[in-house]
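Structure data follow from run.txt (compact mmCIF, C-alpha atoms):
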```
# COMPACT_ATOMS: atom_id res chain seq x y z
CA VAL A 663 33.22 130.57 128.30
CA ALA A 664 31.67 127.37 127.13
CA LEU A 665 33.05 125.88 123.90
CA PRO A 666 30.64 124.83 121.21
CA ARG A 667 29.59 121.25 121.79
CA SER A 668 31.15 119.75 118.60
CA ARG A 669 34.59 121.45 119.16
CA ALA A 670 34.74 120.31 122.77
CA HIS A 671 33.83 116.82 121.64
CA GLN A 672 36.57 116.90 118.93
CA ARG A 673 39.19 118.09 121.44
CA GLY A 674 38.22 115.36 123.80
CA THR A 675 38.60 112.75 121.07
CA VAL A 676 42.09 114.01 120.00
CA GLU A 677 43.27 114.17 123.62
CA SER A 678 42.09 110.66 124.35
CA LEU A 679 43.78 109.44 121.15
CA LEU A 680 47.09 111.10 122.08
CA GLU A 681 46.92 109.60 125.54
CA ASN A 682 46.94 106.20 123.87
CA GLU A 683 50.64 105.28 123.77
CA ARG A 684 50.36 103.14 120.66
CA PHE A 685 48.68 105.90 118.69
CA LEU A 686 51.18 108.51 119.94
CA ALA A 687 54.11 106.26 118.97
CA LEU A 688 52.60 105.83 115.51
CA VAL A 689 52.16 109.61 115.08
CA LEU A 690 55.73 110.34 116.21
CA LEU A 691 57.34 107.59 114.17
CA THR A 692 55.46 108.15 110.91
CA PRO A 693 57.57 111.12 109.63
CA THR A 694 60.82 109.22 110.26
CA VAL A 695 59.53 106.05 108.65
CA VAL A 696 58.25 108.01 105.62
CA LEU A 697 61.58 109.84 105.20
CA LEU A 698 63.67 106.68 105.61
CA GLY A 699 61.38 104.77 103.29
CA LEU A 700 61.36 107.47 100.64
CA PHE A 701 65.07 108.30 100.59
CA ILE A 702 66.76 105.06 101.68
CA ALA A 703 64.51 102.01 101.37
CA TYR A 704 62.85 102.93 98.05
CA PRO A 705 66.11 103.68 96.14
CA PHE A 706 67.69 100.56 97.65
CA VAL A 707 64.78 98.30 96.67
CA MET A 708 64.74 99.87 93.20
CA GLY A 709 68.49 99.26 92.93
CA VAL A 710 68.02 95.59 93.83
CA TRP A 711 65.20 95.29 91.30
CA PHE A 712 67.29 96.99 88.59
CA SER A 713 70.18 94.61 89.26
CA LEU A 714 67.86 91.63 88.71
CA SER A 715 66.40 92.97 85.48
CA ASN A 716 67.71 93.93 82.04
CA ILE A 717 66.41 97.49 82.32
CA SER A 718 68.16 100.11 80.23
CA VAL A 719 67.45 103.69 79.21
CA GLY A 720 64.11 103.66 77.34
CA ASN A 721 63.47 99.98 78.07
CA PRO A 722 61.53 98.98 81.21
CA GLY A 723 63.14 95.51 81.10
CA HIS A 724 62.12 92.25 82.73
CA PHE A 725 63.42 89.90 85.42
CA VAL A 726 66.64 88.11 84.42
CA GLY A 727 67.74 86.68 87.76
CA LEU A 728 71.46 86.85 88.54
CA GLN A 729 72.46 87.27 84.89
CA ASN A 730 73.83 90.81 85.46
CA PHE A 731 76.02 89.60 88.32
CA VAL A 732 77.37 86.69 86.27
CA LYS A 733 78.07 89.04 83.38
CA ALA A 734 79.85 91.47 85.71
CA TRP A 735 81.99 88.69 87.20
CA ASN A 736 83.05 87.55 83.73
CA ASP A 737 84.05 91.10 82.84
CA SER A 738 87.79 91.72 83.27
CA ILE A 739 87.27 95.46 83.88
CA PHE A 740 84.86 94.65 86.73
CA ARG A 741 87.47 92.37 88.32
CA THR A 742 90.10 95.12 87.93
CA ALA A 743 87.67 97.64 89.47
CA PHE A 744 86.98 95.28 92.38
CA TRP A 745 90.68 94.76 93.01
CA ASN A 746 91.37 98.51 92.64
CA THR A 747 88.58 99.36 95.12
CA SER A 748 89.95 96.94 97.72
CA PHE A 749 93.57 98.08 97.16
CA TYR A 750 92.59 101.77 97.21
CA THR A 751 90.50 101.37 100.39
CA PHE A 752 93.12 99.30 102.21
CA TRP A 753 96.09 101.57 101.58
CA ALA A 754 94.22 104.86 101.85
CA THR A 755 92.74 103.81 105.21
CA ILE A 756 96.14 102.68 106.51
CA PHE A 757 97.81 105.94 105.48
CA LYS A 758 94.97 108.05 106.83
CA LEU A 759 95.06 106.23 110.14
CA VAL A 760 98.84 106.45 110.60
CA LEU A 761 99.20 110.06 109.43
CA GLY A 762 95.97 111.15 111.13
CA MET A 763 97.13 109.65 114.42
CA TRP A 764 100.53 111.33 114.09
CA LEU A 765 98.92 114.68 113.28
CA ALA A 766 96.46 114.32 116.18
CA LEU A 767 99.35 113.65 118.58
CA LEU A 768 101.15 116.75 117.28
CA LEU A 769 98.05 118.94 117.49
CA ASN A 770 97.34 117.72 121.02
CA ARG A 771 100.38 119.62 122.30
CA HIS A 772 100.49 123.25 123.39
CA PHE A 773 102.21 125.65 121.00
CA ARG A 774 101.81 129.17 119.73
CA GLY A 775 99.22 129.46 116.97
CA LYS A 776 97.63 126.14 117.92
CA ARG A 777 94.12 127.22 116.97
CA ILE A 778 95.04 128.53 113.52
CA VAL A 779 97.06 125.40 112.71
CA ARG A 780 94.19 123.16 113.84
CA ALA A 781 91.74 125.15 111.71
CA SER A 782 94.01 125.12 108.66
CA MET A 783 94.46 121.35 108.91
CA LEU A 784 90.73 120.99 108.29
CA LEU A 785 90.87 122.81 104.95
CA PRO A 786 91.22 119.71 102.73
CA PHE A 787 88.18 118.19 104.39
CA ILE A 788 86.09 121.36 104.07
CA VAL A 789 86.82 122.15 100.41
CA PRO A 790 84.54 120.30 97.96
CA THR A 791 86.20 117.13 96.66
CA VAL A 792 85.78 118.10 93.02
CA LEU A 793 87.53 121.44 93.57
CA SER A 794 90.51 120.06 95.46
CA THR A 795 90.84 117.12 93.06
CA PHE A 796 91.03 119.55 90.15
CA ALA A 797 93.95 121.25 91.92
CA TRP A 798 95.63 117.86 92.28
CA ARG A 799 94.93 117.02 88.66
CA TRP A 800 96.85 120.10 87.66
CA MET A 801 99.65 119.10 90.00
CA PHE A 802 99.81 115.69 88.27
CA ASP A 803 99.27 117.12 84.79
CA PRO A 804 101.66 115.60 82.22
CA THR A 805 102.72 118.99 80.85
CA PHE A 806 102.19 121.52 83.63
CA SER A 807 102.82 119.37 86.72
CA VAL A 808 104.34 121.48 89.45
CA LEU A 809 105.67 118.30 91.09
CA ASN A 810 107.51 117.24 87.94
CA TRP A 811 108.80 120.79 87.50
CA THR A 812 110.10 120.93 91.11
CA LEU A 813 111.74 117.51 90.92
CA TYR A 814 113.24 118.32 87.52
CA LYS A 815 114.60 121.71 88.59
CA SER A 816 116.03 120.18 91.77
CA GLY A 817 117.86 117.59 89.68
CA PHE A 818 116.06 114.54 91.10
CA ILE A 819 114.60 113.46 87.75
CA VAL A 820 115.61 113.82 84.11
CA THR A 821 112.31 112.75 82.52
CA LYS A 822 108.75 113.54 83.52
CA LEU A 823 107.10 111.13 85.96
CA PRO A 824 103.95 109.51 84.50
CA PHE A 825 101.67 110.48 87.38
CA LEU A 826 98.35 109.93 85.63
CA SER A 827 99.43 108.33 82.37
CA ASN A 828 100.52 105.03 83.96
CA GLY A 829 97.82 102.88 85.61
CA ASP A 830 99.83 101.93 88.72
CA TRP A 831 101.10 105.46 89.23
CA ALA A 832 97.60 106.86 88.75
CA LEU A 833 96.13 104.55 91.41
CA TRP A 834 98.84 105.52 93.89
CA CYS A 835 98.21 109.19 93.04
CA ALA A 836 94.51 108.66 93.81
CA ILE A 837 95.45 107.02 97.12
CA ALA A 838 97.69 110.02 97.90
CA VAL A 839 94.89 112.49 97.17
CA ASN A 840 92.39 110.47 99.19
CA THR A 841 94.85 110.35 102.09
CA TRP A 842 95.45 114.08 101.86
CA ARG A 843 91.72 114.71 101.87
CA GLY A 844 90.68 112.20 104.54
CA MET A 845 93.56 112.62 106.99
CA PRO A 846 92.08 115.74 108.71
CA PHE A 847 88.91 113.80 109.55
CA PHE A 848 91.02 111.14 111.27
CA ALA A 849 93.21 113.76 112.96
CA ILE A 850 90.37 115.85 114.36
CA THR A 851 88.34 112.84 115.54
CA LEU A 852 91.38 111.21 117.15
CA LEU A 853 92.33 114.58 118.66
CA ALA A 854 88.90 114.71 120.31
CA GLY A 855 89.60 111.21 121.67
CA LEU A 856 93.08 112.22 122.86
CA GLN A 857 91.70 115.16 124.81
CA THR A 858 89.53 112.85 126.88
CA ILE A 859 92.62 110.96 128.13
CA ASN A 860 93.69 112.10 131.57
CA THR A 861 97.21 113.65 131.50
CA ASP A 862 97.89 112.13 134.92
CA LEU A 863 98.13 108.73 133.24
CA HIS A 864 100.97 109.95 131.00
CA GLU A 865 102.75 111.59 133.90
CA ALA A 866 102.45 108.44 136.01
CA ALA A 867 103.81 106.37 133.11
CA SER A 868 106.77 108.70 132.56
CA LEU A 869 107.54 108.66 136.31
CA ASP A 870 107.64 104.88 136.00
CA GLY A 871 110.29 105.30 133.30
CA ALA A 872 108.17 104.84 130.16
CA ASN A 873 109.50 106.64 127.07
CA GLY A 874 107.32 108.37 124.47
CA TRP A 875 106.68 105.24 122.41
CA LYS A 876 105.79 103.14 125.46
CA ARG A 877 103.46 105.87 126.75
CA PHE A 878 101.71 105.86 123.38
CA TRP A 879 101.55 102.08 123.05
CA HIS A 880 100.45 101.25 126.63
CA VAL A 881 98.42 104.33 127.60
CA THR A 882 97.21 106.32 124.57
CA TRP A 883 96.49 103.53 122.08
CA PRO A 884 94.33 101.29 124.34
CA LEU A 885 92.22 104.29 125.35
CA LEU A 886 91.89 105.47 121.75
CA LYS A 887 90.87 102.09 120.31
CA PRO A 888 87.08 102.59 120.45
CA VAL A 889 87.32 105.99 118.69
CA THR A 890 89.74 104.55 116.16
CA VAL A 891 87.43 101.65 115.28
CA VAL A 892 84.52 104.04 114.66
CA VAL A 893 86.66 106.34 112.49
CA VAL A 894 88.06 103.42 110.51
CA VAL A 895 84.54 102.04 109.89
CA PHE A 896 83.40 105.41 108.56
CA SER A 897 86.52 105.76 106.45
CA ILE A 898 86.20 102.29 104.91
CA ILE A 899 82.58 102.94 103.96
CA GLN A 900 83.44 106.33 102.44
CA THR A 901 86.56 105.12 100.63
CA PHE A 902 85.11 101.88 99.31
CA SER A 903 82.21 103.76 97.74
CA ASP A 904 84.33 106.70 96.57
CA PHE A 905 83.33 108.17 93.23
CA GLN A 906 84.14 111.86 92.87
CA LEU A 907 87.88 111.64 93.35
CA ILE A 908 88.55 109.01 90.69
CA TYR A 909 85.95 110.48 88.34
CA VAL A 910 87.68 113.88 88.39
CA LEU A 911 91.30 112.74 88.71
CA THR A 912 91.54 109.95 86.15
CA GLY A 913 87.99 109.21 84.93
CA GLY A 914 88.87 105.53 85.39
CA GLY A 915 91.76 105.74 82.93
CA PRO A 916 94.28 105.20 81.50
CA ALA A 917 92.67 102.25 79.70
CA ASN A 918 90.17 101.54 82.52
CA SER A 919 93.04 100.73 84.88
CA THR A 920 91.95 102.98 87.78
CA HIS A 921 88.21 102.31 87.80
CA LEU A 922 86.65 101.76 91.20
CA LEU A 923 83.33 99.91 91.55
CA ALA A 924 81.44 103.22 91.88
CA THR A 925 82.99 104.81 88.78
CA TYR A 926 82.59 101.62 86.74
CA ALA A 927 78.96 101.28 87.84
CA TYR A 928 78.41 104.87 86.70
CA GLN A 929 80.20 104.18 83.43
CA ILE A 930 78.02 101.15 82.68
CA GLY A 931 74.76 102.30 84.25
CA VAL A 932 74.60 105.98 83.34
CA ALA A 933 77.11 106.69 80.58
CA THR A 934 76.31 103.51 78.65
CA GLY A 935 72.66 103.37 79.74
CA LEU A 936 72.66 99.74 80.93
CA LEU A 937 70.94 100.50 84.23
CA GLY A 938 70.54 96.85 85.27
CA GLU A 939 74.22 96.01 84.85
CA GLY A 940 75.28 99.26 86.52
CA ALA A 941 73.03 98.50 89.52
CA ALA A 942 74.47 94.97 89.76
CA ILE A 943 78.04 96.34 89.80
CA SER A 944 77.24 98.89 92.50
CA LEU A 945 75.39 96.27 94.57
CA CYS A 946 78.58 94.19 94.68
CA MET A 947 79.89 96.73 97.19
CA LEU A 948 77.15 95.86 99.67
CA PRO A 949 78.26 92.40 100.93
CA VAL A 950 81.90 93.46 101.27
CA LEU A 951 81.00 96.58 103.25
CA PHE A 952 78.49 94.65 105.32
CA ILE A 953 81.11 92.05 106.35
CA VAL A 954 83.76 94.69 107.16
CA VAL A 955 81.36 96.81 109.21
CA TRP A 956 79.95 93.75 111.01
CA ILE A 957 83.44 92.54 112.01
CA GLN A 958 84.50 95.96 113.23
CA LEU A 959 81.31 96.66 115.16
CA ARG A 960 81.61 93.24 116.81
CA TYR A 961 85.17 94.10 117.79
CA LEU A 962 83.98 97.44 119.16
CA ARG A 963 81.28 95.73 121.24
CA ARG A 964 83.88 93.34 122.62
CA LEU A 965 86.12 96.33 123.51
CA GLU A 966 83.26 98.06 125.30
CA GLY A 967 82.38 94.86 127.15
CA ALA A 968 85.98 94.32 128.33
CA MET B 1380 104.42 117.71 133.01
CA VAL B 1381 106.80 115.70 130.82
CA ILE B 1382 109.98 117.73 130.10
CA GLU B 1383 111.91 117.10 126.88
CA ARG B 1384 115.11 118.41 125.38
CA ARG B 1385 115.09 121.25 122.87
CA TRP B 1386 116.51 119.24 119.94
CA LYS B 1387 113.95 116.50 120.57
CA LYS B 1388 111.17 119.06 120.43
CA TRP B 1389 112.46 120.23 117.03
CA VAL B 1390 112.89 116.73 115.64
CA TYR B 1391 109.69 115.20 116.98
CA PHE B 1392 107.41 118.22 116.98
CA TYR B 1393 108.28 121.38 115.04
CA ILE B 1394 109.71 119.75 111.90
CA PRO B 1395 106.91 117.13 111.45
CA LEU B 1396 104.25 119.75 112.16
CA THR B 1397 105.77 122.11 109.58
CA ILE B 1398 105.84 119.28 107.01
CA PHE B 1399 102.20 118.50 107.77
CA VAL B 1400 101.18 122.15 107.42
CA ILE B 1401 103.07 122.58 104.13
CA GLY B 1402 101.82 119.25 102.77
CA THR B 1403 98.24 120.03 103.68
CA LEU B 1404 98.14 123.56 102.40
CA PHE B 1405 100.37 123.12 99.33
CA PRO B 1406 97.52 122.37 96.87
CA PHE B 1407 95.81 125.59 97.94
CA THR B 1408 98.77 127.73 96.92
CA GLY B 1409 98.81 129.50 93.58
CA CYS B 1410 101.39 127.15 92.09
CA SER B 1411 98.79 124.48 91.45
CA SER B 1412 96.34 126.74 89.63
CA PRO B 1413 96.03 126.53 85.85
CA ARG B 1414 96.77 130.24 85.45
CA SER B 1415 100.15 130.06 87.13
CA ALA B 1416 100.93 126.80 85.37
CA LEU B 1417 100.41 128.53 82.03
CA THR B 1418 102.75 131.41 82.74
CA PRO B 1419 105.59 131.76 80.21
CA SER B 1420 108.25 130.73 82.72
CA SER B 1421 106.63 127.35 83.38
CA THR B 1422 105.65 126.61 79.81
CA ALA B 1423 108.96 127.63 78.32
CA HIS B 1424 111.31 125.99 80.77
CA GLY B 1425 109.32 123.89 83.18
CA ALA B 1426 108.36 120.23 83.15
CA ARG B 1427 110.55 119.14 80.29
```

Final structure tokens representation of the file:
Amino acid sequence: VALPRSRAHQRGTVESLLENERFLALVLLTPTVVLLGLFIAYPFVMGVWFSLSNISVGNPGHFVGLQNFVKAWNDSIFRTAFWNTSFYTFWATIFKLVLGMWLALLLNRHFRGKRIVRASMLLPFIVPTVLSTFAWRWMFDPTFSVLNWTLYKSGFIVTKLPFLSNGDWALWCAIAVNTWRGMPFFAITLLAGLQTINTDLHEAASLDGANGWKRFWHVTWPLLKPVTVVVVVFSIIQTFSDFQLIYVLTGGGPANSTHLLATYAYQIGVATGLLGEGAAISLCMLPVLFIVVWIQLRYLRRLEGA
Amino acid sequence: MVIERRWKKWVYFYIPLTIFVIGTLFPFTGCSSPRSALTPSSTAHGAR
């Protein structure tokens, strides 16, 4: 059956266009570029523009240069938030790594009920952060704290511990909750890494007289390093830009002592309506994260090259 | 296969794993919910 002349001509044109590699590449890449541009590049560029302007709710604003950054740096709460974010990220990542590694080593062994224990360990990671943080807020509640009640009834304390009413305590509580929530991610990822290690290596090491610690330090750890670096990079990015946990647990209080950069940026940008200053505060996270990620990825490349 | 003594298995495996399981699942138990925290027993005698 002969096709009508115009349709056959059209088909021929489309086919010849698709055979052109440059055109095909353009067609295939366009959706990705549009999506990335719309959801990543556009908000980022807008954020940069906001941080360089004095825009606020109901006021389009104009270019003010680095004024917002200077103002943020002269703000004592910003400096506290910056210190808190670094402190929170450092300790939470250390705890998550150590406990996650320990848990992964435990879960890597054979025991009855292994599957159910592995699945249950993932629960903190699966449950929405807001929900689990509310549970923790009740556990740290000044009046109804189950932790205070348990310690009091066991005779360990005589007065209530100021879990969330003291700034230092509150920050450590936030680190504890973040560790509790993030540890399963470390454990499961490291467990996946552990399962790729050949058991013959451990057996050979133990035949050579290596004890458990030496087997871990000289066999397991070197082989787990690449996985560990990737997990730590992800964790640092997530923890440094954490918002939900602090927002629900302390709301930045008491007296702005537990603000992180993300919660303080929200406080200034959204709650107060000073969008430019809020954008400047949140953009301060970018160089720090960029440096940390760059160092770690360089280290990872060196490991892979070795 | 690496063989280890029974007490070592308890100290280095069963006890830490139990602590991990309890620590991980503790916030999901009823004791952390507002309803149980507001029961008369905890409001009258607890957390003082």

Item to complete: Return the neighbours of chain B among the residues of chain A, cut-off 10 Å, counting only C-alpha atoms, as a ChimeraX atom specification.
Response: /A:761,764-765,767-769,771,773,779-780,782-786,789,794-815,820-823,842-843,845-846,861-862,864-866,868-869,874

Among A:Ala836, A:Ala849, A:Val893, A:Leu959, Tyr909 in chain A is approached most closely, using only C-alpha atoms, by A:Ala836

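In this model, the gap between CA of Gly915 in chain A and CA of Ala832 in chain A comes to 8.3 Å.
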
Got a sec: who's within 7 Å of Leu936 in chain A, counting only C-alpha atoms, leaving out chain neighbours fewer than 3 positions off, as a PDB file with C-alpha atoms, in the frame of the given file?
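Final output, saved to selection_19.pdb:
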```
ATOM      1  CA  ILE A 717      66.410  97.490  82.320  1.00  0.00           C
ATOM      2  CA  SER A 718      68.160 100.110  80.230  1.00  0.00           C
ATOM      3  CA  VAL A 719      67.450 103.690  79.210  1.00  0.00           C
ATOM      4  CA  ILE A 930      78.020 101.150  82.680  1.00  0.00           C
ATOM      5  CA  GLY A 931      74.760 102.300  84.250  1.00  0.00           C
ATOM      6  CA  VAL A 932      74.600 105.980  83.340  1.00  0.00           C
ATOM      7  CA  GLU A 939      74.220  96.010  84.850  1.00  0.00           C
ATOM      8  CA  GLY A 940      75.280  99.260  86.520  1.00  0.00           C
TER       9      GLY A 940
END
```

Find the distance between CA of Val891 in chain A and CA of Trp745 in chain A and write it in Å to one decimal.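 Computed distance, CA of Val891 in chain A to CA of Trp745 in chain A, equals 23.5 Å.
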
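Picture a line from CA of Gly762 in chain A to CA of Thr742 in chain A; it runs 28.8 Å.
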
_Please list as an NGL selection string every residue within 9 Å of Ile837 in chain A, counting all atoms listed in the file and excluding residues in the same chain fewer than 5 positions away._
:A and (750-751 or 753-754 or 757 or 832 or 842)

For the residues selected in the previous step, produce a file with C-alpha atoms as a PDB file, in the frame of the given file.
```
ATOM      1  CA  TYR A 750      92.590 101.770  97.210  1.00  0.00           C
ATOM      2  CA  THR A 751      90.500 101.370 100.390  1.00  0.00           C
ATOM      3  CA  TRP A 753      96.090 101.570 101.580  1.00  0.00           C
ATOM      4  CA  ALA A 754      94.220 104.860 101.850  1.00  0.00           C
ATOM      5  CA  PHE A 757      97.810 105.940 105.480  1.00  0.00           C
ATOM      6  CA  ALA A 832      97.600 106.860  88.750  1.00  0.00           C
ATOM      7  CA  TRP A 842      95.450 114.080 101.860  1.00  0.00           C
TER       8      TRP A 842
END
```

N, CA and C atoms are needed for range 903-924 of chain A; please write them out as a PDB file, keeping the file's coordinate frame.
```pdb
ATOM      1  N   SER A 903      83.234 103.288  98.676  1.00  0.00           N
ATOM      2  CA  SER A 903      82.210 103.760  97.740  1.00  0.00           C
ATOM      3  C   SER A 903      82.587 105.094  97.110  1.00  0.00           C
ATOM      4  N   ASP A 904      83.885 105.411  97.114  1.00  0.00           N
ATOM      5  CA  ASP A 904      84.330 106.700  96.570  1.00  0.00           C
ATOM      6  C   ASP A 904      84.055 106.793  95.067  1.00  0.00           C
ATOM      7  N   PHE A 905      83.632 107.968  94.650  1.00  0.00           N
ATOM      8  CA  PHE A 905      83.330 108.170  93.230  1.00  0.00           C
ATOM      9  C   PHE A 905      83.996 109.435  92.689  1.00  0.00           C
ATOM     10  N   GLN A 906      83.741 110.543  93.385  1.00  0.00           N
ATOM     11  CA  GLN A 906      84.140 111.860  92.870  1.00  0.00           C
ATOM     12  C   GLN A 906      85.625 111.959  92.548  1.00  0.00           C
ATOM     13  N   LEU A 907      86.436 111.461  93.479  1.00  0.00           N
ATOM     14  CA  LEU A 907      87.880 111.640  93.350  1.00  0.00           C
ATOM     15  C   LEU A 907      88.420 110.992  92.076  1.00  0.00           C
ATOM     16  N   ILE A 908      88.064 109.726  91.865  1.00  0.00           N
ATOM     17  CA  ILE A 908      88.550 109.010  90.690  1.00  0.00           C
ATOM     18  C   ILE A 908      87.923 109.604  89.421  1.00  0.00           C
ATOM     19  N   TYR A 909      86.646 109.956  89.511  1.00  0.00           N
ATOM     20  CA  TYR A 909      85.950 110.480  88.340  1.00  0.00           C
ATOM     21  C   TYR A 909      86.626 111.762  87.838  1.00  0.00           C
ATOM     22  N   VAL A 910      87.044 112.619  88.782  1.00  0.00           N
ATOM     23  CA  VAL A 910      87.680 113.880  88.390  1.00  0.00           C
ATOM     24  C   VAL A 910      89.162 113.671  88.064  1.00  0.00           C
ATOM     25  N   LEU A 911      89.845 112.868  88.864  1.00  0.00           N
ATOM     26  CA  LEU A 911      91.300 112.740  88.710  1.00  0.00           C
ATOM     27  C   LEU A 911      91.687 111.955  87.464  1.00  0.00           C
ATOM     28  N   THR A 912      91.114 110.788  87.284  1.00  0.00           N
ATOM     29  CA  THR A 912      91.540 109.950  86.150  1.00  0.00           C
ATOM     30  C   THR A 912      90.383 109.563  85.226  1.00  0.00           C
ATOM     31  N   GLY A 913      89.147 109.665  85.721  1.00  0.00           N
ATOM     32  CA  GLY A 913      87.990 109.210  84.930  1.00  0.00           C
ATOM     33  C   GLY A 913      88.019 107.703  84.701  1.00  0.00           C
ATOM     34  N   GLY A 914      88.776 106.996  85.537  1.00  0.00           N
ATOM     35  CA  GLY A 914      88.870 105.530  85.390  1.00  0.00           C
ATOM     36  C   GLY A 914      90.042 105.105  84.518  1.00  0.00           C
ATOM     37  N   GLY A 915      90.670 106.055  83.844  1.00  0.00           N
ATOM     38  CA  GLY A 915      91.760 105.740  82.930  1.00  0.00           C
ATOM     39  C   GLY A 915      93.110 105.727  83.612  1.00  0.00           C
ATOM     40  N   PRO A 916      94.198 105.514  82.931  1.00  0.00           N
ATOM     41  CA  PRO A 916      94.280 105.200  81.500  1.00  0.00           C
ATOM     42  C   PRO A 916      93.875 103.740  81.215  1.00  0.00           C
ATOM     43  N   ALA A 917      93.127 103.577  80.161  1.00  0.00           N
ATOM     44  CA  ALA A 917      92.670 102.250  79.700  1.00  0.00           C
ATOM     45  C   ALA A 917      91.935 101.484  80.803  1.00  0.00           C
ATOM     46  N   ASN A 918      91.015 102.147  81.470  1.00  0.00           N
ATOM     47  CA  ASN A 918      90.170 101.540  82.520  1.00  0.00           C
ATOM     48  C   ASN A 918      90.952 100.954  83.691  1.00  0.00           C
ATOM     49  N   SER A 919      92.208 101.374  83.856  1.00  0.00           N
ATOM     50  CA  SER A 919      93.040 100.730  84.880  1.00  0.00           C
ATOM     51  C   SER A 919      92.815 101.291  86.286  1.00  0.00           C
ATOM     52  N   THR A 920      92.141 102.419  86.427  1.00  0.00           N
ATOM     53  CA  THR A 920      91.950 102.980  87.780  1.00  0.00           C
ATOM     54  C   THR A 920      90.471 103.043  88.172  1.00  0.00           C
ATOM     55  N   HIS A 921      89.643 102.300  87.447  1.00  0.00           N
ATOM     56  CA  HIS A 921      88.210 102.310  87.800  1.00  0.00           C
ATOM     57  C   HIS A 921      88.004 101.721  89.185  1.00  0.00           C
ATOM     58  N   LEU A 922      87.140 102.373  89.964  1.00  0.00           N
ATOM     59  CA  LEU A 922      86.650 101.760  91.200  1.00  0.00           C
ATOM     60  C   LEU A 922      85.248 101.236  90.880  1.00  0.00           C
ATOM     61  N   LEU A 923      84.666 100.460  91.818  1.00  0.00           N
ATOM     62  CA  LEU A 923      83.330  99.910  91.550  1.00  0.00           C
ATOM     63  C   LEU A 923      82.321 101.026  91.281  1.00  0.00           C
ATOM     64  N   ALA A 924      82.419 102.131  92.048  1.00  0.00           N
ATOM     65  CA  ALA A 924      81.440 103.220  91.880  1.00  0.00           C
ATOM     66  C   ALA A 924      81.571 103.876  90.513  1.00  0.00           C
TER      67      ALA A 924
END
```
